[in-house]
Structure formats: structure tokens, C-alpha cells
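File shown here: work26.cif, holding mmCIF, C-alpha atoms and all ligand atoms.
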data_coords
#
loop_
_atom_site.group_PDB
_atom_site.id
_atom_site.type_symbol
_atom_site.label_atom_id
_atom_site.label_comp_id
_atom_site.auth_asym_id
_atom_site.auth_seq_id
_atom_site.Cartn_x
_atom_site.Cartn_y
_atom_site.Cartn_z
ATOM 1 C CA MET Z 432 0.000 0.000 0.000
ATOM 2 C CA LYS Z 433 1.336 3.447 -0.860
ATOM 3 C CA TYR Z 434 1.695 5.951 1.969
ATOM 4 C CA ILE Z 435 3.320 9.246 2.869
ATOM 5 C CA GLU Z 436 5.428 9.536 6.029
ATOM 6 C CA PRO Z 437 4.647 13.115 7.076
ATOM 7 C CA HIS Z 438 6.927 13.311 10.130
ATOM 8 C CA ALA Z 439 10.269 11.515 10.358
ATOM 9 C CA HIS Z 440 13.695 12.673 11.515
ATOM 10 C CA MET Z 441 15.728 10.897 8.902
ATOM 11 C CA VAL Z 442 19.054 12.578 9.755
ATOM 12 C CA SER Z 443 19.032 10.241 12.785
ATOM 13 C CA ARG Z 444 18.228 7.126 10.778
ATOM 14 C CA VAL Z 445 20.381 4.813 8.696
ATOM 15 C CA THR Z 446 20.063 4.448 4.927
ATOM 16 C CA ASP Z 447 18.565 0.975 5.435
ATOM 17 C CA ASP Z 448 15.515 2.702 6.955
ATOM 18 C CA TYR Z 449 14.914 4.616 3.716
ATOM 19 C CA GLU Z 450 15.197 1.341 1.862
ATOM 20 C CA ARG Z 451 12.738 -0.450 4.158
ATOM 21 C CA MET Z 452 10.264 2.452 4.006
ATOM 22 C CA ALA Z 453 10.388 2.417 0.207
ATOM 23 C CA LEU Z 454 9.803 -1.352 0.203
ATOM 24 C CA ALA Z 455 6.788 -0.857 2.498
ATOM 25 C CA GLY Z 456 5.208 1.551 0.002
ATOM 26 C CA CYS Z 457 6.421 4.950 1.173
ATOM 27 C CA GLN Z 458 6.232 7.569 -1.585
ATOM 28 C CA ALA Z 459 7.472 10.666 0.237
ATOM 29 C CA VAL Z 460 9.007 11.488 3.586
ATOM 30 C CA CYS Z 461 8.734 14.853 5.370
ATOM 31 C CA GLU Z 462 11.269 15.906 7.983
ATOM 32 C CA PRO Z 463 10.571 18.691 10.489
ATOM 33 C CA ALA Z 464 13.555 20.444 12.062
ATOM 34 C CA PHE Z 465 13.964 19.224 15.655
ATOM 35 C CA TRP Z 466 16.236 18.852 18.656
ATOM 36 C CA ALA Z 467 19.331 16.803 17.859
ATOM 37 C CA GLY Z 468 19.331 15.093 21.266
ATOM 38 C CA PHE Z 469 21.836 17.677 22.494
ATOM 39 C CA ASP Z 470 21.811 21.494 22.454
ATOM 40 C CA ARG Z 471 23.586 23.139 19.527
ATOM 41 C CA SER Z 472 26.042 25.759 20.762
ATOM 42 C CA SER Z 473 25.588 28.430 18.088
ATOM 43 C CA PRO Z 474 23.485 29.545 15.099
ATOM 44 C CA ALA Z 475 26.166 28.033 12.854
ATOM 45 C CA GLY Z 476 25.062 24.573 14.033
ATOM 46 C CA PHE Z 477 21.550 25.339 12.812
ATOM 47 C CA TYR Z 478 22.825 26.790 9.540
ATOM 48 C CA ASP Z 479 24.584 23.505 8.805
ATOM 49 C CA TYR Z 480 21.527 21.502 9.908
ATOM 50 C CA PHE Z 481 19.242 23.471 7.556
ATOM 51 C CA GLY Z 482 21.754 22.772 4.774
ATOM 52 C CA GLN Z 483 21.675 19.071 5.638
ATOM 53 C CA LEU Z 484 17.844 19.044 5.501
ATOM 54 C CA THR Z 485 17.623 20.906 2.198
ATOM 55 C CA GLU Z 486 20.621 19.538 0.281
ATOM 56 C CA HIS Z 487 22.040 16.318 1.626
ATOM 57 C CA GLU Z 488 18.983 14.456 2.933
ATOM 58 C CA PRO Z 489 16.926 14.721 -0.315
ATOM 59 C CA LYS Z 490 19.827 13.080 -2.167
ATOM 60 C CA ARG Z 491 20.042 10.252 0.368
ATOM 61 C CA ALA Z 492 16.269 9.649 0.107
ATOM 62 C CA ALA Z 493 16.374 9.751 -3.694
ATOM 63 C CA LYS Z 494 18.730 6.770 -3.736
ATOM 64 C CA SER Z 495 15.795 4.704 -2.419
ATOM 65 C CA GLY Z 496 13.394 6.364 -4.851
ATOM 66 C CA LEU Z 497 11.838 8.513 -2.114
ATOM 67 C CA LYS Z 498 10.926 12.181 -2.331
ATOM 68 C CA HIS Z 499 12.180 14.123 0.693
ATOM 69 C CA PHE Z 500 10.660 17.343 2.055
ATOM 70 C CA CYS Z 501 11.465 19.312 5.196
ATOM 71 C CA TRP Z 502 10.284 21.983 7.617
ATOM 72 C CA LEU Z 503 12.565 24.591 9.214
ATOM 73 C CA CYS Z 504 12.639 26.292 12.639
ATOM 74 C CA ILE Z 505 14.273 26.337 16.042
ATOM 75 C CA ASN Z 506 12.583 23.748 18.247
ATOM 76 C CA SER Z 507 11.050 24.447 21.643
ATOM 77 C CA LYS Z 508 13.720 22.508 23.541
ATOM 78 C CA GLU Z 509 16.315 25.094 22.457
ATOM 79 C CA ALA Z 510 14.049 28.103 22.880
ATOM 80 C CA GLU Z 511 15.120 29.201 26.384
ATOM 81 C CA ASP Z 512 18.015 31.278 25.040
ATOM 82 C CA LEU Z 513 16.129 34.125 23.351
ATOM 83 C CA LYS Z 514 19.197 35.611 21.699
ATOM 84 C CA LEU Z 515 20.110 32.279 20.108
ATOM 85 C CA ALA Z 516 16.501 31.799 19.026
ATOM 86 C CA GLU Z 517 16.375 35.228 17.372
ATOM 87 C CA GLU Z 518 19.604 34.537 15.503
ATOM 88 C CA VAL Z 519 18.409 31.138 14.297
ATOM 89 C CA ILE Z 520 15.012 32.489 13.221
ATOM 90 C CA ALA Z 521 16.842 35.154 11.204
ATOM 91 C CA LEU Z 522 18.603 32.360 9.284
ATOM 92 C CA VAL Z 523 15.397 30.618 8.207
ATOM 93 C CA PRO Z 524 14.069 32.906 5.406
ATOM 94 C CA GLN Z 525 17.092 32.370 3.150
ATOM 95 C CA PHE Z 526 16.267 28.638 3.059
ATOM 96 C CA LEU Z 527 12.513 28.904 2.452
ATOM 97 C CA ALA Z 528 12.787 29.047 -1.338
ATOM 98 C CA ARG Z 529 14.693 25.762 -1.521
ATOM 99 C CA PRO Z 530 12.626 23.261 -3.483
ATOM 100 C CA ASN Z 531 11.977 20.719 -0.705
ATOM 101 C CA VAL Z 532 10.936 23.187 2.045
ATOM 102 C CA LEU Z 533 7.288 22.894 3.131
ATOM 103 C CA GLY Z 534 7.068 25.568 5.811
ATOM 104 C CA ILE Z 535 7.866 26.387 9.456
ATOM 105 C CA GLY Z 536 8.060 23.462 11.881
ATOM 106 C CA GLU Z 537 8.069 21.722 14.162
ATOM 107 C CA ILE Z 538 7.529 24.765 16.323
ATOM 108 C CA GLY Z 539 5.615 24.402 19.568
ATOM 109 C CA LEU Z 540 6.039 23.998 23.292
ATOM 110 C CA ASN Z 541 7.924 21.548 25.458
ATOM 111 C CA LYS Z 542 7.564 22.665 29.093
ATOM 112 C CA ASN Z 543 5.146 25.510 28.343
ATOM 113 C CA SER Z 544 7.620 28.134 29.618
ATOM 114 C CA ARG Z 545 7.345 31.860 28.976
ATOM 115 C CA ASN Z 546 10.380 31.880 26.657
ATOM 116 C CA GLU Z 547 9.102 28.892 24.674
ATOM 117 C CA LEU Z 548 5.841 30.713 24.097
ATOM 118 C CA ARG Z 549 7.707 33.868 23.062
ATOM 119 C CA VAL Z 550 9.772 31.908 20.503
ATOM 120 C CA PHE Z 551 6.665 30.092 19.301
ATOM 121 C CA GLU Z 552 4.998 33.460 18.627
ATOM 122 C CA MET Z 553 8.077 34.772 16.809
ATOM 123 C CA GLN Z 554 7.992 31.782 14.474
ATOM 124 C CA MET Z 555 4.217 31.974 14.018
ATOM 125 C CA ASP Z 556 4.797 35.567 12.933
ATOM 126 C CA LEU Z 557 7.538 34.487 10.517
ATOM 127 C CA ALA Z 558 5.203 31.897 8.970
ATOM 128 C CA ALA Z 559 2.416 34.474 8.629
ATOM 129 C CA ARG Z 560 4.705 37.057 7.031
ATOM 130 C CA GLN Z 561 6.185 34.511 4.610
ATOM 131 C CA ASP Z 562 2.857 32.782 3.896
ATOM 132 C CA GLN Z 563 4.179 29.409 5.068
ATOM 133 C CA LEU Z 564 2.424 26.282 6.298
ATOM 134 C CA ILE Z 565 3.008 25.461 9.985
ATOM 135 C CA LEU Z 566 3.721 22.146 11.713
ATOM 136 C CA VAL Z 567 3.354 22.138 15.514
ATOM 137 C CA HIS Z 568 4.868 19.887 18.153
ATOM 138 C CA THR Z 569 2.741 19.587 21.296
ATOM 139 C CA PRO Z 570 4.275 18.766 24.702
ATOM 140 C CA HIS Z 571 4.405 15.322 26.244
ATOM 141 C CA LEU Z 572 2.179 13.702 28.838
ATOM 142 C CA GLU Z 573 1.069 15.973 31.684
ATOM 143 C CA ASP Z 574 2.071 19.157 29.816
ATOM 144 C CA LYS Z 575 0.125 18.286 26.651
ATOM 145 C CA LEU Z 576 -3.336 19.607 27.476
ATOM 146 C CA LYS Z 577 -2.165 22.966 28.791
ATOM 147 C CA GLY Z 578 0.375 23.342 25.978
ATOM 148 C CA THR Z 579 -2.196 22.528 23.313
ATOM 149 C CA ARG Z 580 -4.574 25.139 24.766
ATOM 150 C CA LEU Z 581 -1.822 27.782 24.771
ATOM 151 C CA ILE Z 582 -0.973 26.968 21.150
ATOM 152 C CA LEU Z 583 -4.594 27.054 19.981
ATOM 153 C CA ASP Z 584 -5.122 30.392 21.755
ATOM 154 C CA ALA Z 585 -2.026 31.857 20.088
ATOM 155 C CA PHE Z 586 -3.257 30.858 16.623
ATOM 156 C CA LYS Z 587 -6.732 32.140 17.354
ATOM 157 C CA SER Z 588 -5.435 35.535 18.392
ATOM 158 C CA ASP Z 589 -3.515 36.063 15.137
ATOM 159 C CA ARG Z 590 -5.973 36.806 12.360
ATOM 160 C CA ARG Z 591 -3.375 36.164 9.662
ATOM 161 C CA ILE Z 592 -3.307 32.441 10.512
ATOM 162 C CA GLN Z 593 -5.632 30.227 8.475
ATOM 163 C CA PRO Z 594 -6.406 27.176 10.662
ATOM 164 C CA GLY Z 595 -6.439 24.806 7.689
ATOM 165 C CA ARG Z 596 -2.798 25.645 6.962
ATOM 166 C CA VAL Z 597 -1.670 24.433 10.405
ATOM 167 C CA ILE Z 598 -1.097 20.801 11.436
ATOM 168 C CA ILE Z 599 -0.920 20.157 15.172
ATOM 169 C CA ASP Z 600 1.006 16.989 15.813
ATOM 170 C CA HIS Z 601 1.170 14.385 18.590
ATOM 171 C CA VAL Z 602 -2.508 14.793 19.513
ATOM 172 C CA GLU Z 603 -4.025 12.216 21.847
ATOM 173 C CA GLU Z 604 -7.519 11.280 22.999
ATOM 174 C CA HIS Z 605 -7.843 14.357 25.222
ATOM 175 C CA THR Z 606 -6.567 16.916 22.686
ATOM 176 C CA VAL Z 607 -7.714 15.727 19.249
ATOM 177 C CA GLU Z 608 -11.197 17.188 19.444
ATOM 178 C CA MET Z 609 -10.191 20.722 20.404
ATOM 179 C CA VAL Z 610 -7.630 20.777 17.569
ATOM 180 C CA LEU Z 611 -10.138 19.626 14.934
ATOM 181 C CA ASP Z 612 -12.839 21.935 16.333
ATOM 182 C CA ALA Z 613 -10.469 24.885 15.855
ATOM 183 C CA GLY Z 614 -10.244 23.993 12.149
ATOM 184 C CA HIS Z 615 -6.662 22.722 12.213
ATOM 185 C CA TRP Z 616 -5.299 19.424 10.992
ATOM 186 C CA ALA Z 617 -4.198 16.878 13.608
ATOM 187 C CA GLY Z 618 -1.361 14.348 13.575
ATOM 188 C CA LEU Z 619 -1.377 11.043 15.459
ATOM 189 C CA THR Z 620 2.135 9.930 16.318
ATOM 190 C CA LEU Z 621 2.800 6.200 16.567
ATOM 191 C CA TYR Z 622 5.460 5.734 19.203
ATOM 192 C CA PRO Z 623 6.442 2.531 20.977
ATOM 193 C CA GLU Z 624 6.639 4.170 24.439
ATOM 194 C CA THR Z 625 4.879 7.534 24.704
ATOM 195 C CA LYS Z 626 2.379 9.251 22.406
ATOM 196 C CA CYS Z 627 0.011 6.823 20.578
ATOM 197 C CA SER Z 628 0.140 3.070 20.042
ATOM 198 C CA PRO Z 629 -1.330 1.797 16.730
ATOM 199 C CA ALA Z 630 -4.402 0.468 18.583
ATOM 200 C CA ARG Z 631 -5.073 3.815 20.289
ATOM 201 C CA ALA Z 632 -4.537 5.706 17.030
ATOM 202 C CA ILE Z 633 -7.035 3.488 15.200
ATOM 203 C CA ASP Z 634 -9.576 3.945 18.017
ATOM 204 C CA ILE Z 635 -9.232 7.719 17.541
ATOM 205 C CA LEU Z 636 -9.538 7.406 13.758
ATOM 206 C CA GLU Z 637 -12.674 5.309 14.160
ATOM 207 C CA THR Z 638 -14.137 7.888 16.546
ATOM 208 C CA TYR Z 639 -13.380 11.006 14.523
ATOM 209 C CA ARG Z 640 -13.295 9.800 10.885
ATOM 210 C CA CYS Z 641 -11.974 13.112 9.722
ATOM 211 C CA GLU Z 642 -10.136 14.036 6.564
ATOM 212 C CA ARG Z 643 -7.990 16.394 8.652
ATOM 213 C CA LEU Z 644 -6.160 13.569 10.491
ATOM 214 C CA TRP Z 645 -2.896 11.924 9.540
ATOM 215 C CA LEU Z 646 -0.583 9.249 10.965
ATOM 216 C CA ASN Z 647 3.166 9.530 11.403
ATOM 217 C CA SER Z 648 6.035 7.664 13.033
ATOM 218 C CA ALA Z 649 8.061 10.717 14.163
ATOM 219 C CA CYS Z 650 11.006 8.310 14.132
ATOM 220 C CA ASP Z 651 14.177 9.903 15.452
ATOM 221 C CA TRP Z 652 17.312 9.002 17.434
ATOM 222 C CA GLY Z 653 15.239 7.496 20.268
ATOM 223 C CA VAL Z 654 13.254 4.273 20.516
ATOM 224 C CA SER Z 655 10.931 4.643 17.522
ATOM 225 C CA ASP Z 656 9.874 2.773 14.406
ATOM 226 C CA PRO Z 657 10.227 4.153 10.859
ATOM 227 C CA LEU Z 658 7.682 1.546 9.716
ATOM 228 C CA ALA Z 659 5.011 2.493 12.267
ATOM 229 C CA VAL Z 660 2.648 3.903 9.607
ATOM 230 C CA PRO Z 661 2.529 0.822 7.323
ATOM 231 C CA LYS Z 662 2.309 -1.419 10.422
ATOM 232 C CA THR Z 663 -0.716 0.552 11.583
ATOM 233 C CA ALA Z 664 -2.219 0.286 8.091
ATOM 234 C CA GLN Z 665 -1.805 -3.475 8.435
ATOM 235 C CA GLU Z 666 -3.547 -3.380 11.827
ATOM 236 C CA MET Z 667 -6.403 -1.369 10.280
ATOM 237 C CA LYS Z 668 -6.769 -4.084 7.637
ATOM 238 C CA ARG Z 669 -6.979 -6.707 10.399
ATOM 239 C CA ARG Z 670 -9.734 -4.675 12.033
ATOM 240 C CA GLY Z 671 -11.728 -4.761 8.809
ATOM 241 C CA HIS Z 672 -11.079 -1.316 7.377
ATOM 242 C CA LEU Z 673 -11.353 -1.211 3.600
ATOM 243 C CA THR Z 674 -8.215 -0.611 1.560
ATOM 244 C CA ALA Z 675 -9.580 2.652 0.157
ATOM 245 C CA ALA Z 676 -10.303 3.949 3.661
ATOM 246 C CA ILE Z 677 -6.806 3.063 4.869
ATOM 247 C CA GLU Z 678 -5.200 4.713 1.852
ATOM 248 C CA GLN Z 679 -7.276 7.799 2.551
ATOM 249 C CA VAL Z 680 -5.663 8.162 5.986
ATOM 250 C CA VAL Z 681 -2.070 7.208 5.187
ATOM 251 C CA TYR Z 682 -1.774 8.742 1.713
ATOM 252 C CA HIS Z 683 -4.536 11.094 0.559
ATOM 253 C CA ASN Z 684 -5.005 12.985 3.840
ATOM 254 C CA PRO Z 685 -1.355 13.984 4.244
ATOM 255 C CA GLY Z 686 -1.155 14.573 0.505
ATOM 256 C CA LYS Z 687 -4.056 16.980 0.649
ATOM 257 C CA PHE Z 688 -2.596 19.038 3.484
ATOM 258 C CA LEU Z 689 0.901 19.075 2.020
ATOM 259 C CA SER Z 690 -0.368 20.017 -1.442
ATOM 260 C CA GLN Z 691 -1.059 23.454 -0.003
ATOM 261 C CA SER Z 692 2.711 23.911 -0.367
ATOM 262 C CA PRO Z 693 3.758 24.852 -3.915
ATOM 263 C CA HIS Z 694 7.041 23.004 -3.365
ATOM 264 C CA PHE Z 695 5.152 19.800 -2.583
ATOM 265 C CA ARG Z 696 2.841 20.222 -5.581
ATOM 266 C CA ASN Z 697 5.802 20.861 -7.878
ATOM 267 C CA ALA Z 698 7.586 17.658 -6.897
ATOM 268 C CA PHE Z 699 4.761 15.263 -6.094
ATOM 269 C CA SER Z 700 1.474 14.417 -7.742
ATOM 270 C CA LEU Z 701 -1.026 12.415 -5.725
HETATM 271 ZN ZN ZN W 1 9.375 15.403 15.573
#
Written form, C-alpha cells:
Amino acid sequence: MKYIEPHAHMVSRVTDDYERMALAGCQAVCEPAFWAGFDRSSPAGFYDYFGQLTEHEPKRAAKSGLKHFCWLCINSKEAEDLKLAEEVIALVPQFLARPNVLGIGEIGLNKNSRNELRVFEMQMDLAARQDQLILVHTPHLEDKLKGTRLILDAFKSDRRIQPGRVIIDHVEEHTVEMVLDAGHWAGLTLYPETKCSPARAIDILETYRCERLWLNSACDWGVSDPLAVPKTAQEMKRRGHLTAAIEQVVYHNPGKFLSQSPHFRNAFSL
């Protein structure tokens, strides 16, 4: 079955993962900018990372026949140092015209601190000024509900933001409804330990049956599974979902959201 992986941190994965994803039916992989697992010490580290995401990684993916797209930003885990954040945000615009860039992401909150919210707003403003799509990371576990509310309020208070051009990722049972009600798209992240298991994600899909939901693995340098999306598709099949309905969730839904980006449309036809 063909699918799109809309959230994967491939810089942390081996080339064999690209190969296995392609074999499982992956057509395109999208990589938000994120925390490397350690704090970068200067804007130069981000400059090189943005170069890696826009030049090197698409070539590596292409060797397995996969299209590679990316999102750019400074992530919330490195947002406490406001001066660093300002300098990194100033680097972003020069990369936005590169052909695989989809927008600003994954911006968001981690511990819901004042500085994180400030940096989130700066990047929301950048996206609005540059007419970019936005991908949002929501906090983990006990911080998720409050963080999601703060994020939704921020979007609501900025009239330039069109809700349908924002995907809010890592939603769970207690946050999915408020995200969809606000008109945004919602991402269900399939993670072995935290976030959603395949069974929980399918329960949510069965409850909300919405064209504004997508599935992703968010695989990175931690315990995670680059094949989580096709494995969940398999589980949906076992539960009796029709092939067309599964393909809607794992291929057409992400394709529809991402097609709002001219760079995606130029390189990929659904
Ligand atoms: Zn991520």
C-alpha cells in the first residue's frame, strides 16, 4: 500500500531505513527540524543543519526512490536562550525558497515556559509574514493539554493564521477534538513508548473519521519505528477497514494538506 510519512527525523536514521520504508510503500518522507538530542552551541550549528535538511537528505532519500521534504525552525527545547533563538530564526528565510521546504516546523512547546511561548509566537509571525504552512509539536504527557490550549489560543489571536494551513502533531484522545474543532489538521504519532500506540490511534480514527487527520512515526534518534505507519495500516486491515479507507488516511489525507505547499505540488502528484 502506498503511503506518505509526514513526520520523520531521517538525519538520525540509517540508509537501510529509507530502503525499508520504500519497500513498504512509502512515496514521500517529510522531515521537520527538531532537537538533535543535544543542544547546539551556536546559530552556525543550525545553519549547517538546515543545509543538511535541504541539500544532503533529499539526495540520500532519492537513492531509495523517495521524495524528501522538510520543515525549518528552532525547536522548543532550544528556545530558552532568546538571543540564540532570534539569531536562528533570522537564518530561516534564506532557506525557504529551496525546493523541498514545506514551511515552518516543528515549532511548539515543550515545558510551556514563557520563553518557549515567546519563541513560538516569533515563528508563528515568521510563517504568517512569509505565507508558510506550519507544523506544531505539542508537549508530552502531563504538559500536553495545557500546551495545546496555549498553542490554539495563540493561533486564534492572530488573524493572519488560516487554521487549515496548520497541522498540530502528537494529539491524543484528550486533545484531538479541540484541535479539529479549531479547524486545524491533527497528527497522530505512533510511538512505541509515549504518544500513541497503533491500537489507540485506530480507536481515535474510528471515533473522529476526519479528513484532517494523519498518521506519522516521528522516528528519530530514540526508541521509535520508521515503519510504524505501514504497520498501523496493516492493523487497520486486520480490524476490517477497507483498503480505500486506509489509503485515505495514510496517503490522501497527508497529501491533501501538504499540497497546499507549492514546493510539494511541484515535486509530487497524488
Ligand atoms: Zn518530531
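Closest approach to ligand ZN 1 (chain W) from the set Z:Leu644, Z:Ala649, Z:Ala475, Z:Ala698 is made by Z:Ala649, with distances taken over all atoms listed in the file.
For the file at hand, the PyMOL selection byres (((chain Z and resi 532) around 8) and not hetatm) resolves to Z:Thr485, Z:Phe500, Z:Cys501, Z:Trp502, Z:Leu503, Z:Phe526, Z:Leu527, Z:Ala528, Z:Arg529, Z:Pro530, Z:Asn531, Z:Leu533, Z:Gly534, Z:His694.
Interatomic distance, CA of Arg444 in chain Z to CA of Pro657 in chain Z: 8.5 Å.
The set of residues that the PyMOL selection byres (((not hetatm)) within 7 of (chain W and resi 1)) takes from this file is His438, Ala439, His440, Pro463, Phe465, Glu537, His568 and Ala649 of chain Z.
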Can you tell me which residues surround Phe481 in chain Z at a distance of at most 9 Å, considering only C-alpha atoms, apart from same-chain residues fewer than 2 positions away, and format the answer as a tab-separated table (two decimals) with C-alpha atoms, in the frame of the given file?
chain	number	residue	atom	x	y	z
Z	464	ALA	CA	13.56	20.44	12.06
Z	476	GLY	CA	25.06	24.57	14.03
Z	477	PHE	CA	21.55	25.34	12.81
Z	478	TYR	CA	22.82	26.79	9.54
Z	479	ASP	CA	24.58	23.50	8.80
Z	483	GLN	CA	21.68	19.07	5.64
Z	484	LEU	CA	17.84	19.04	5.50
Z	485	THR	CA	17.62	20.91	2.20
Z	486	GLU	CA	20.62	19.54	0.28
Z	503	LEU	CA	12.56	24.59	9.21
Z	504	CYS	CA	12.64	26.29	12.64
Z	523	VAL	CA	15.40	30.62	8.21
Z	526	PHE	CA	16.27	28.64	3.06
Inset, instruction - Name the residues in contact with Tyr449 in chain Z at a cut-off of 12 Å, using all atoms listed in the file, excluding same-chain residues fewer than 2 positions from it; report them as a PyMOL selection string. - result: chain Z and resi 436+439-447+451-460+488-499+650+656-658
Inset, instruction - Just say which residues the PyMOL selection byres (((chain Z and resi 616) around 10) and not hetatm) picks in this file, as number ranges by chain. - result: Z: 566, 594-600, 607, 610-615, 617-618, 641-645, 684-685, 688
Let's have the selection written as a CSV table (one decimal), keeping the file's coordinate frame, with C-alpha atoms.
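Once everything was written out, this is selection_10.csv:
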chain,number,residue,atom,x,y,z
Z,566,LEU,CA,3.7,22.1,11.7
Z,594,PRO,CA,-6.4,27.2,10.7
Z,595,GLY,CA,-6.4,24.8,7.7
Z,596,ARG,CA,-2.8,25.6,7.0
Z,597,VAL,CA,-1.7,24.4,10.4
Z,598,ILE,CA,-1.1,20.8,11.4
Z,599,ILE,CA,-0.9,20.2,15.2
Z,600,ASP,CA,1.0,17.0,15.8
Z,607,VAL,CA,-7.7,15.7,19.2
Z,610,VAL,CA,-7.6,20.8,17.6
Z,611,LEU,CA,-10.1,19.6,14.9
Z,612,ASP,CA,-12.8,21.9,16.3
Z,613,ALA,CA,-10.5,24.9,15.9
Z,614,GLY,CA,-10.2,24.0,12.1
Z,615,HIS,CA,-6.7,22.7,12.2
Z,617,ALA,CA,-4.2,16.9,13.6
Z,618,GLY,CA,-1.4,14.3,13.6
Z,641,CYS,CA,-12.0,13.1,9.7
Z,642,GLU,CA,-10.1,14.0,6.6
Z,643,ARG,CA,-8.0,16.4,8.7
Z,644,LEU,CA,-6.2,13.6,10.5
Z,645,TRP,CA,-2.9,11.9,9.5
Z,684,ASN,CA,-5.0,13.0,3.8
Z,685,PRO,CA,-1.4,14.0,4.2
Z,688,PHE,CA,-2.6,19.0,3.5
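The gap separating CA of Glu604 in chain Z from CA of Leu673 in chain Z is 23.4 Å, in Å to one decimal.
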Please report, as a tab-separated table, each residue of range 492-597 of chain Z lying at most 12 Å from range 624-628 of chain Z, together with the nearest pair of atoms and the separation in Å rounded to one decimal; use all atoms listed in the file, and order rows by chain and ascending residue number.
residue	atom	partner	partner_atom	distance
Z:His568	CA	Z:Lys626	CA	11.7
Z:Thr569	CA	Z:Lys626	CA	10.4
Z:Pro570	CA	Z:Lys626	CA	10.0
Z:His571	CA	Z:Lys626	CA	7.5
Z:Leu572	CA	Z:Lys626	CA	7.8
Z:Glu573	CA	Z:Lys626	CA	11.5
Z:Lys575	CA	Z:Lys626	CA	10.2
Inset, instruction - Compare Z:Leu621, Z:Ile520, Z:Leu576, Z:Ile633 by their minimum atom-to-atom distance to Lys668 in chain Z, counting all atoms listed in the file, and give me the closest one. - result: Z:Ile633
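Atom to atom, CA of Asp562 in chain Z and CA of Ile535 in chain Z stand 9.8 Å apart.
Counting all atoms listed in the file, Thr674 in chain Z has the following residues at most 12 Å away, ignoring those fewer than 4 positions along the same chain: Met432, Lys433, Tyr434, Ala664, Gln665, Glu666, Met667, Lys668, Arg669, Arg670, Glu678, Gln679, Val680, Val681 and Tyr682 of chain Z.
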Inset, instruction - Find the residues near Met553 in chain Z: any atom within 10 Å, counting only C-alpha atoms, skip ones fewer than 4 places away on the same chain, and give them as a list of chain:residue names. - result: Z:Ala516, Z:Glu517, Z:Ile520, Z:Glu547, Z:Leu548, Z:Arg549, Z:Leu557, Z:Ala558, Z:Ala559
For the selection you just gave me, I'd like the residues written to a file as a PDB file, keeping the file's coordinate frame, keeping C-alpha atoms.
ATOM      1  CA  ALA Z 516      16.501  31.799  19.026  1.00  0.00           C
ATOM      2  CA  GLU Z 517      16.375  35.228  17.372  1.00  0.00           C
ATOM      3  CA  ILE Z 520      15.012  32.489  13.221  1.00  0.00           C
ATOM      4  CA  GLU Z 547       9.102  28.892  24.674  1.00  0.00           C
ATOM      5  CA  LEU Z 548       5.841  30.713  24.097  1.00  0.00           C
ATOM      6  CA  ARG Z 549       7.707  33.868  23.062  1.00  0.00           C
ATOM      7  CA  LEU Z 557       7.538  34.487  10.517  1.00  0.00           C
ATOM      8  CA  ALA Z 558       5.203  31.897   8.970  1.00  0.00           C
ATOM      9  CA  ALA Z 559       2.416  34.474   8.629  1.00  0.00           C
TER      10      ALA Z 559
END
Could you list as a short mmCIF file (atom, residue, chain, number, x, y, z; two decimals) with C-alpha atoms, keeping the file's coordinate frame every residue that has an atom within 12 Å of (21.7, 20.1, 21.3), using the file's coordinates and counting all atoms listed in the file?
data_model
loop_
_atom_site.label_atom_id
_atom_site.label_comp_id
_atom_site.auth_asym_id
_atom_site.auth_seq_id
_atom_site.Cartn_x
_atom_site.Cartn_y
_atom_site.Cartn_z
CA PHE Z 465 13.96 19.22 15.66
CA TRP Z 466 16.24 18.85 18.66
CA ALA Z 467 19.33 16.80 17.86
CA GLY Z 468 19.33 15.09 21.27
CA PHE Z 469 21.84 17.68 22.49
CA ASP Z 470 21.81 21.49 22.45
CA ARG Z 471 23.59 23.14 19.53
CA SER Z 472 26.04 25.76 20.76
CA SER Z 473 25.59 28.43 18.09
CA PRO Z 474 23.48 29.54 15.10
CA GLY Z 476 25.06 24.57 14.03
CA PHE Z 477 21.55 25.34 12.81
CA TYR Z 480 21.53 21.50 9.91
CA ILE Z 505 14.27 26.34 16.04
CA ASN Z 506 12.58 23.75 18.25
CA SER Z 507 11.05 24.45 21.64
CA LYS Z 508 13.72 22.51 23.54
CA GLU Z 509 16.32 25.09 22.46
CA ALA Z 510 14.05 28.10 22.88
#
Inset, instruction - Have a look at Z:Val567, Z:Leu646, Z:Leu583, Z:Leu636 and name the one nearest to His683 in chain Z; count all atoms listed in the file. - result: Z:Leu646
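Proximity to Leu513 in chain Z was assessed for Z:His672, Z:His487, Z:Arg545, Z:Lys662 counting only C-alpha atoms; the smallest distance is recorded for Z:Arg545.
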